Each structure stands twice: as structure tokens, then as C-alpha cells.
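Some notes on the structure that comes next.
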Amino acid sequence: MTILVAGATGATGRLLVEQLLNHRHTVKVIVRSPDRLPANLKNHDRLIVIHANILDLSEADMARHLNGCDAVASCLGHTISLNGMFGPPRRLVTDATRLLCNGIYANKPEKPVKFVLMNTTANKNRDLHEPLSILERVVFALVRLLLPPQADNEHAANYLRVTVGQEDRLIEWVVVRPDTLINDDKVTGYEVYASPARSPIFNAGSTSRINVAHFMTDLITSDNSWKRWRGQMPVIYNR
Ligand SMILES: NC(=O)c1ccc[n+]([C@@H]2O[C@H](COP(=O)([O-])OP(=O)(O)OC[C@H]3O[C@@H](n4cnc5c(N)ncnc54)[C@H](OP(=O)(O)O)[C@@H]3O)[C@@H](O)[C@H]2O)c1
């Protein structure tokens with residue numbers, strides 16, 4: 001398979017790229033700073049590096065880069081800094097998701113392209129009944145108002161859930177929702193649920209980035225996993 005990864009220089013993205021390469025797939029990455037790719041990936045013979053700021057690409061450029069890709073994964077996220085959280089681009093994840101989807105549509109692939117979006121358990125799947133307490137609703141409303149990345153994550157997932165929807169002939173999608181991200185150097189046991197099993201605010205769990213990368217790889221490469229989770233927003237926790 002050929003997979004295009006956005007956010008490949010990030011803490012999760014680089015682990016995803018590594019696992020996809022270990023599965024002997026070809027990986028294309030769009031990165032604004034190729035120097036930030038780890039040394040073990042940089043010169044890999046199945047890694048194709050596109051040096052660009054993703055939101056600067058035209059739809060035609062994106063379609064060209066996506067040509068021949070079987071799957072797309074986004075691990076994009078706002079940098080944890082004042083400028084990253086509050087400065088432009090405020091809709092980094094949403095705009096990149098839309099651009100990637102429009103690139104796929106422009107190519108009219110013969111087979112649907114898989115799209116796996118890294119998101120957050122702080123985002124509800126509004127296709128399911130995921131009730132929140134009054135206090136949780138208040139906290140989420142404040143977070144949404146005060147922290148632009150939260151609204152961005154919600155809009156990005158909504159783009160796939162509502163605009164692309166369940167019946168699209170060219171794009172199939174899964175939105176992966178980890179809880180608090182932690183680092184680990186090896187894949188460990190993890191559990192995946194259709195909806196949060198704990199409160200992301202008052203009883204947060206943890207998810208190691210390498211497990212997120214493992215689950216995203218599994219979705220992309222295993223038809224059984226894809227069939228199980230297609231069109232859903234699975235929540236992943238470390239066991
Ligand atoms: N923190 C948590 O506990 C948590 C929990 C659940 C979900 N999440 C979600 O998971 C996402 C990924 O997490 P992570 O820790 O792997 O992220 P990360 O290490 O911060 O990586 C973010 C990626 O996005 C890219 N990026 C940031 N701003 C950009 C811009 N303006 N233009 C182009 N690319 C840009 C970065 O590129 P550069 O390397 O060039 O900066 C990097 O590749 C988070 O952002 C969040 O939405 C986080």
C-alpha cells in the first residue's frame with residue numbers, strides 16, 4: 001500500500017510512519033520541516049518526503065501527491081505554545097482534512113481511500129448517545145471557547161462524520177480518539193471502545209502515542225479492523 005501521512009514530524013506521526021514502513025508499505029509525508037524527521041526515517045528508501053506547509057498546497061498539488069495513495073492518515077495538531085494554540089492557522093486540522101479529502105475527490109480513485117484522523121476523547125461522536133454531566137458540559141463549553149484547538153478537532157471530525165458521511169463512494173474514514181497522550185517506547189496492551197469508557201475531564205485515562213500509531217496502522221492495513229471501525233470514532237486507552 002501507499003499511505004500519505006500528515007503531521008509525520010509530530011510525536012505520534014513519526015511513530016505511525018515508522019510502523020507503516022516496518023510493515024513494508026510506501027509512505028509519503030508532507031512536512032514543513034524535513035529536519036524534524038527522525039534519522040531512522042529520513043533516508044528510508046520507502047519514504048517519500050514532500051517539503052511543504054500543508055495548508056499552502058493547492059487542491060491540484062494535493063491531488064497530485066495523493067495520486068496512487070490507498071490511505072491517508074492525519075496526526076496533525078497544534079503546537080503546545082502560545083502561538084500554536086492561539087495564532088493562525090486556527091483551523092489547521094479541519095482545513096487540512098478538507099484539503100486532503102478534496103484531493104482524493106479530484107483524483108476519483110477506483111477504490112475508496114481510507115482516511116484515519118487522529119482526534120481526541122474530548123470530542124463526542126454525535127452519531128451515538130454519549131451523555132455528559134452538566135458539569136462536563138460546562139467545562140467542555142469553556143474549553144471550546146477558550147482553546148481554539150478543541151474547536152478545530154471537533155470541526156475536523158465533523159467534516160468526516162457529516163460532510164463526507166457514511167455512504168461516500170470515494171472516502172471511508174475512522175476518527176481515532178485517544179485520551180491523555182503519554183510516551184512509551186514499545187507497544188503495550190490497549191483497549192478500544194466505540195464511546196468513552198471514562199470521563200475525559202474528571203477521570204481521564206492515558207493512551208501512549210505508540211499504541212495510537214499501532215491502532216492507526218492496524219486500521220489501515222487490516223481489512224477486519226477497518227470493517228469493525230469504519231465510519232466510527234473509536235476511543236483508545238492503555239490497558
Ligand atoms: N496532548 C494530549 O494529551 C492529546 C490527547 C488526545 C488527543 N490529542 C490530539 O492529538 C494530536 C497529535 O498529538 P501529538 O502529541 O502527536 O502532536 P505533536 O507532536 O504536537 O505534532 C503535531 C504535528 O502537527 C504539525 N503542525 C503543527 N502546527 C502546524 C502548522 N501550522 N502547519 C503545518 N503543520 C503543523 C507539526 O509539525 P512540526 O513538527 O513542523 O511542528 C507536527 O507534525 C494533538 O495535537 C491533539 O489534537 C492530544
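Ordering of the C-alpha cells sets the chain letters (A, B, ...); residue numbers start at 1 within each chain; ligands are numbered from 1 in the order shown.
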Segment 44-198 of chain A: residues DSSP assigns to helix (DSSP H, G or I), reported as a PyMOL selection string: chain A and resi 54-56+59-66+82-86+92-107+134-146+148-164
Env. residues ligand 1 / 9 Å / only C-alpha atoms and all ligand atoms / as an NGL selection string: :A and (6-15 or 30-34 or 36-37 or 52-56 or 74-80 or 84 or 87-90 or 92-93 or 96 or 118-122 or 149-150 or 152-153 or 176-182 or 206-207 or 209)
Long-range neighbours of segment 23-27 of chain A as number ranges by chain, 8 Å cut-off, only C-alpha atoms, 3 positions minimum in chain: A: 1-5, 17, 19-20, 46-48
Atoms kept (N, CA and C atoms) for selection, written as a PDB file, in the first residue's frame:
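Generated output (part_3.pdb):
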ATOM      1  N   MET A   1       0.843  -1.199   0.000  1.00  0.00           N
ATOM      2  CA  MET A   1       0.000   0.000   0.000  1.00  0.00           C
ATOM      3  C   MET A   1       0.877   1.247   0.000  1.00  0.00           C
ATOM      4  N   THR A   2       0.288   2.328  -0.457  1.00  0.00           N
ATOM      5  CA  THR A   2       0.949   3.631  -0.323  1.00  0.00           C
ATOM      6  C   THR A   2       0.064   4.495   0.567  1.00  0.00           C
ATOM      7  N   ILE A   3       0.675   5.066   1.602  1.00  0.00           N
ATOM      8  CA  ILE A   3      -0.099   5.850   2.585  1.00  0.00           C
ATOM      9  C   ILE A   3       0.508   7.240   2.693  1.00  0.00           C
ATOM     10  N   LEU A   4      -0.346   8.256   2.644  1.00  0.00           N
ATOM     11  CA  LEU A   4       0.131   9.621   2.868  1.00  0.00           C
ATOM     12  C   LEU A   4      -0.144  10.000   4.321  1.00  0.00           C
ATOM     13  N   VAL A   5       0.894  10.466   5.017  1.00  0.00           N
ATOM     14  CA  VAL A   5       0.755  10.842   6.429  1.00  0.00           C
ATOM     15  C   VAL A   5       0.984  12.345   6.580  1.00  0.00           C
ATOM     16  N   VAL A  17       4.557   6.581  11.013  1.00  0.00           N
ATOM     17  CA  VAL A  17       5.356   6.388   9.790  1.00  0.00           C
ATOM     18  C   VAL A  17       6.281   5.182   9.967  1.00  0.00           C
ATOM     19  N   GLN A  19       5.951   2.580  11.913  1.00  0.00           N
ATOM     20  CA  GLN A  19       5.243   1.289  11.922  1.00  0.00           C
ATOM     21  C   GLN A  19       4.764   0.920  10.526  1.00  0.00           C
ATOM     22  N   LEU A  20       4.318   1.907   9.751  1.00  0.00           N
ATOM     23  CA  LEU A  20       3.879   1.617   8.375  1.00  0.00           C
ATOM     24  C   LEU A  20       5.066   1.141   7.528  1.00  0.00           C
ATOM     25  N   ARG A  46      11.693   3.678   1.342  1.00  0.00           N
ATOM     26  CA  ARG A  46      10.250   3.686   1.009  1.00  0.00           C
ATOM     27  C   ARG A  46       9.529   4.915   1.574  1.00  0.00           C
ATOM     28  N   LEU A  47      10.301   5.910   1.999  1.00  0.00           N
ATOM     29  CA  LEU A  47       9.694   7.158   2.486  1.00  0.00           C
ATOM     30  C   LEU A  47       9.864   8.246   1.423  1.00  0.00           C
ATOM     31  N   ILE A  48       8.753   8.854   1.044  1.00  0.00           N
ATOM     32  CA  ILE A  48       8.788   9.957   0.066  1.00  0.00           C
ATOM     33  C   ILE A  48       8.454  11.242   0.825  1.00  0.00           C
TER      34      ILE A  48
END
Which segment 111-189 of chain A residues have any atom within 12 Å of an atom of segment 218-235 of chain A, and for each, what is the nearest pair of atoms with distance in Å to one decimal, counting only C-alpha atoms, rows sorted by chain and number, as JSON lines?
{"residue": "A:Pro112", "atom": "CA", "partner": "A:Arg230", "partner_atom": "CA", "distance": 11.8}
{"residue": "A:Val113", "atom": "CA", "partner": "A:Ile220", "partner_atom": "CA", "distance": 9.9}
{"residue": "A:Lys114", "atom": "CA", "partner": "A:Ile220", "partner_atom": "CA", "distance": 7.0}
{"residue": "A:Phe115", "atom": "CA", "partner": "A:Ile220", "partner_atom": "CA", "distance": 8.4}
{"residue": "A:Val116", "atom": "CA", "partner": "A:Ile220", "partner_atom": "CA", "distance": 7.7}
{"residue": "A:Leu117", "atom": "CA", "partner": "A:Met233", "partner_atom": "CA", "distance": 9.2}
{"residue": "A:Met118", "atom": "CA", "partner": "A:Met233", "partner_atom": "CA", "distance": 9.7}
{"residue": "A:Asn119", "atom": "CA", "partner": "A:Met233", "partner_atom": "CA", "distance": 8.7}
{"residue": "A:Thr120", "atom": "CA", "partner": "A:Val235", "partner_atom": "CA", "distance": 8.1}
{"residue": "A:Thr121", "atom": "CA", "partner": "A:Val235", "partner_atom": "CA", "distance": 6.3}
{"residue": "A:Ala122", "atom": "CA", "partner": "A:Val235", "partner_atom": "CA", "distance": 10.1}
{"residue": "A:Asn123", "atom": "CA", "partner": "A:Met233", "partner_atom": "CA", "distance": 9.3}
{"residue": "A:Lys124", "atom": "CA", "partner": "A:Met233", "partner_atom": "CA", "distance": 8.6}
{"residue": "A:Asn125", "atom": "CA", "partner": "A:Met233", "partner_atom": "CA", "distance": 6.3}
{"residue": "A:Arg126", "atom": "CA", "partner": "A:Met233", "partner_atom": "CA", "distance": 9.7}
{"residue": "A:Asp127", "atom": "CA", "partner": "A:Gln232", "partner_atom": "CA", "distance": 8.5}
{"residue": "A:Leu128", "atom": "CA", "partner": "A:Gln232", "partner_atom": "CA", "distance": 9.3}
{"residue": "A:Glu130", "atom": "CA", "partner": "A:Met233", "partner_atom": "CA", "distance": 11.6}
{"residue": "A:Glu154", "atom": "CA", "partner": "A:Met233", "partner_atom": "CA", "distance": 11.7}
{"residue": "A:Ala157", "atom": "CA", "partner": "A:Met233", "partner_atom": "CA", "distance": 8.5}
{"residue": "A:Asn158", "atom": "CA", "partner": "A:Met233", "partner_atom": "CA", "distance": 10.6}
{"residue": "A:Tyr159", "atom": "CA", "partner": "A:Gly231", "partner_atom": "CA", "distance": 12.0}
{"residue": "A:Leu160", "atom": "CA", "partner": "A:Gly231", "partner_atom": "CA", "distance": 8.4}
{"residue": "A:Arg161", "atom": "CA", "partner": "A:Gly231", "partner_atom": "CA", "distance": 7.1}
{"residue": "A:Val162", "atom": "CA", "partner": "A:Gly231", "partner_atom": "CA", "distance": 10.3}
{"residue": "A:Val164", "atom": "CA", "partner": "A:Gly231", "partner_atom": "CA", "distance": 9.7}
{"residue": "A:Gly165", "atom": "CA", "partner": "A:Gly231", "partner_atom": "CA", "distance": 7.6}
{"residue": "A:Gln166", "atom": "CA", "partner": "A:Gly231", "partner_atom": "CA", "distance": 5.9}
{"residue": "A:Glu167", "atom": "CA", "partner": "A:Gly231", "partner_atom": "CA", "distance": 9.1}
{"residue": "A:Asp168", "atom": "CA", "partner": "A:Gly231", "partner_atom": "CA", "distance": 10.2}
{"residue": "A:Ile171", "atom": "CA", "partner": "A:Gly231", "partner_atom": "CA", "distance": 10.0}
{"residue": "A:Glu172", "atom": "CA", "partner": "A:Arg230", "partner_atom": "CA", "distance": 6.7}
{"residue": "A:Trp173", "atom": "CA", "partner": "A:Gly231", "partner_atom": "CA", "distance": 5.4}
{"residue": "A:Val174", "atom": "CA", "partner": "A:Arg230", "partner_atom": "CA", "distance": 5.4}
{"residue": "A:Val175", "atom": "CA", "partner": "A:Met233", "partner_atom": "CA", "distance": 4.5}
{"residue": "A:Val176", "atom": "CA", "partner": "A:Pro234", "partner_atom": "CA", "distance": 5.3}
{"residue": "A:Arg177", "atom": "CA", "partner": "A:Val235", "partner_atom": "CA", "distance": 4.5}
{"residue": "A:Pro178", "atom": "CA", "partner": "A:Val235", "partner_atom": "CA", "distance": 5.7}
{"residue": "A:Asp179", "atom": "CA", "partner": "A:Val235", "partner_atom": "CA", "distance": 7.6}
{"residue": "A:Thr180", "atom": "CA", "partner": "A:Val235", "partner_atom": "CA", "distance": 11.4}
Dump as a compact mmCIF listing (two decimals), in the first residue's frame, selection limited to N, CA and C atoms:
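out.txt, written as the output of this step:
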# COMPACT_ATOMS: atom_id res chain seq x y z
N PRO A 112 -12.33 3.15 -2.79
CA PRO A 112 -12.35 4.19 -1.76
C PRO A 112 -11.00 4.28 -1.05
N VAL A 113 -10.62 5.51 -0.73
CA VAL A 113 -9.39 5.74 0.03
C VAL A 113 -9.75 5.76 1.52
N LYS A 114 -8.93 5.09 2.35
CA LYS A 114 -9.16 5.10 3.80
C LYS A 114 -8.57 6.39 4.37
N PHE A 115 -9.33 7.05 5.23
CA PHE A 115 -8.84 8.26 5.90
C PHE A 115 -8.91 8.03 7.41
N VAL A 116 -7.76 8.08 8.08
CA VAL A 116 -7.72 7.91 9.54
C VAL A 116 -7.27 9.23 10.16
N LEU A 117 -8.14 9.80 10.97
CA LEU A 117 -7.87 11.10 11.59
C LEU A 117 -7.61 10.92 13.08
N MET A 118 -6.46 11.41 13.54
CA MET A 118 -6.19 11.40 14.99
C MET A 118 -6.94 12.57 15.61
N ASN A 119 -7.71 12.29 16.65
CA ASN A 119 -8.58 13.31 17.26
C ASN A 119 -8.42 13.21 18.77
N THR A 120 -9.46 13.33 19.51
CA THR A 120 -9.35 13.33 20.97
C THR A 120 -10.62 12.81 21.63
N THR A 121 -10.46 12.19 22.78
CA THR A 121 -11.62 11.68 23.51
C THR A 121 -12.44 12.84 24.11
N ALA A 122 -11.88 14.05 24.05
CA ALA A 122 -12.64 15.24 24.48
C ALA A 122 -13.69 15.64 23.44
N ASN A 123 -13.74 14.90 22.34
CA ASN A 123 -14.73 15.18 21.29
C ASN A 123 -15.78 14.06 21.27
N LYS A 124 -17.04 14.46 21.26
CA LYS A 124 -18.12 13.47 21.25
C LYS A 124 -18.38 12.95 19.84
N ASN A 125 -18.82 11.69 19.74
CA ASN A 125 -19.36 11.20 18.47
C ASN A 125 -20.86 11.46 18.52
N ARG A 126 -21.31 12.45 17.77
CA ARG A 126 -22.72 12.84 17.83
C ARG A 126 -23.64 11.87 17.09
N ASP A 127 -23.07 10.85 16.46
CA ASP A 127 -23.90 9.77 15.88
C ASP A 127 -24.35 8.80 16.96
N LEU A 128 -23.68 8.85 18.12
CA LEU A 128 -24.01 7.93 19.21
C LEU A 128 -24.50 8.71 20.41
N GLU A 130 -23.70 9.78 23.66
CA GLU A 130 -22.55 9.89 24.57
C GLU A 130 -22.87 10.99 25.57
N GLU A 154 -12.97 19.29 16.82
CA GLU A 154 -14.40 18.97 16.65
C GLU A 154 -14.84 19.20 15.20
N ALA A 157 -13.41 16.40 12.84
CA ALA A 157 -14.15 15.13 12.93
C ALA A 157 -15.53 15.28 12.30
N ASN A 158 -16.16 16.44 12.52
CA ASN A 158 -17.48 16.68 11.93
C ASN A 158 -17.43 16.69 10.42
N TYR A 159 -16.32 17.19 9.87
CA TYR A 159 -16.20 17.21 8.41
C TYR A 159 -16.32 15.78 7.88
N LEU A 160 -15.59 14.85 8.51
CA LEU A 160 -15.65 13.46 8.04
C LEU A 160 -17.02 12.85 8.35
N ARG A 161 -17.50 13.08 9.56
CA ARG A 161 -18.74 12.43 10.02
C ARG A 161 -19.96 12.93 9.24
N VAL A 162 -20.00 14.25 8.99
CA VAL A 162 -21.22 14.83 8.40
C VAL A 162 -21.04 15.11 6.90
N VAL A 164 -18.49 14.22 4.67
CA VAL A 164 -18.18 13.01 3.89
C VAL A 164 -19.26 11.96 4.17
N GLY A 165 -19.56 11.76 5.43
CA GLY A 165 -20.67 10.87 5.80
C GLY A 165 -20.35 9.40 5.64
N GLN A 166 -21.40 8.60 5.72
CA GLN A 166 -21.22 7.14 5.77
C GLN A 166 -21.28 6.47 4.40
N GLU A 167 -21.83 7.15 3.42
CA GLU A 167 -22.11 6.46 2.15
C GLU A 167 -21.21 6.91 1.01
N ASP A 168 -20.14 7.64 1.33
CA ASP A 168 -19.30 8.19 0.27
C ASP A 168 -18.64 7.07 -0.53
N ILE A 171 -14.36 8.05 -0.26
CA ILE A 171 -13.63 8.14 1.01
C ILE A 171 -14.36 7.35 2.10
N GLU A 172 -13.60 6.50 2.79
CA GLU A 172 -14.09 5.86 4.01
C GLU A 172 -13.19 6.36 5.14
N TRP A 173 -13.75 6.52 6.33
CA TRP A 173 -12.95 7.18 7.38
C TRP A 173 -13.13 6.52 8.74
N VAL A 174 -12.12 6.74 9.60
CA VAL A 174 -12.21 6.42 11.03
C VAL A 174 -11.57 7.60 11.77
N VAL A 175 -12.22 8.06 12.83
CA VAL A 175 -11.66 9.10 13.69
C VAL A 175 -11.21 8.43 14.98
N VAL A 176 -9.91 8.47 15.25
CA VAL A 176 -9.35 7.78 16.42
C VAL A 176 -9.26 8.77 17.58
N ARG A 177 -9.85 8.37 18.73
CA ARG A 177 -9.88 9.28 19.89
C ARG A 177 -9.04 8.72 21.04
N PRO A 178 -7.78 9.19 21.19
CA PRO A 178 -7.01 8.81 22.37
C PRO A 178 -7.37 9.69 23.56
N ASP A 179 -7.09 9.18 24.77
CA ASP A 179 -7.21 10.01 25.97
C ASP A 179 -5.86 10.72 26.18
N THR A 180 -5.52 11.10 27.40
CA THR A 180 -4.28 11.86 27.64
C THR A 180 -3.09 11.11 27.04
Distance criterion (only C-alpha atoms): nearest to Lys111 of chain A out of A:His214, A:Arg169, A:Arg64, A:Arg144: A:Arg169
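Using only C-alpha atoms, the smallest distance between any of A:Leu146, A:Val212, A:Ala39, A:Leu66 and Lys108 of chain A comes from A:Leu66.
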Length of the atom CA of Lys28 of chain A to atom CA of Val49 of chain A vector [Å]: 5.9 Å
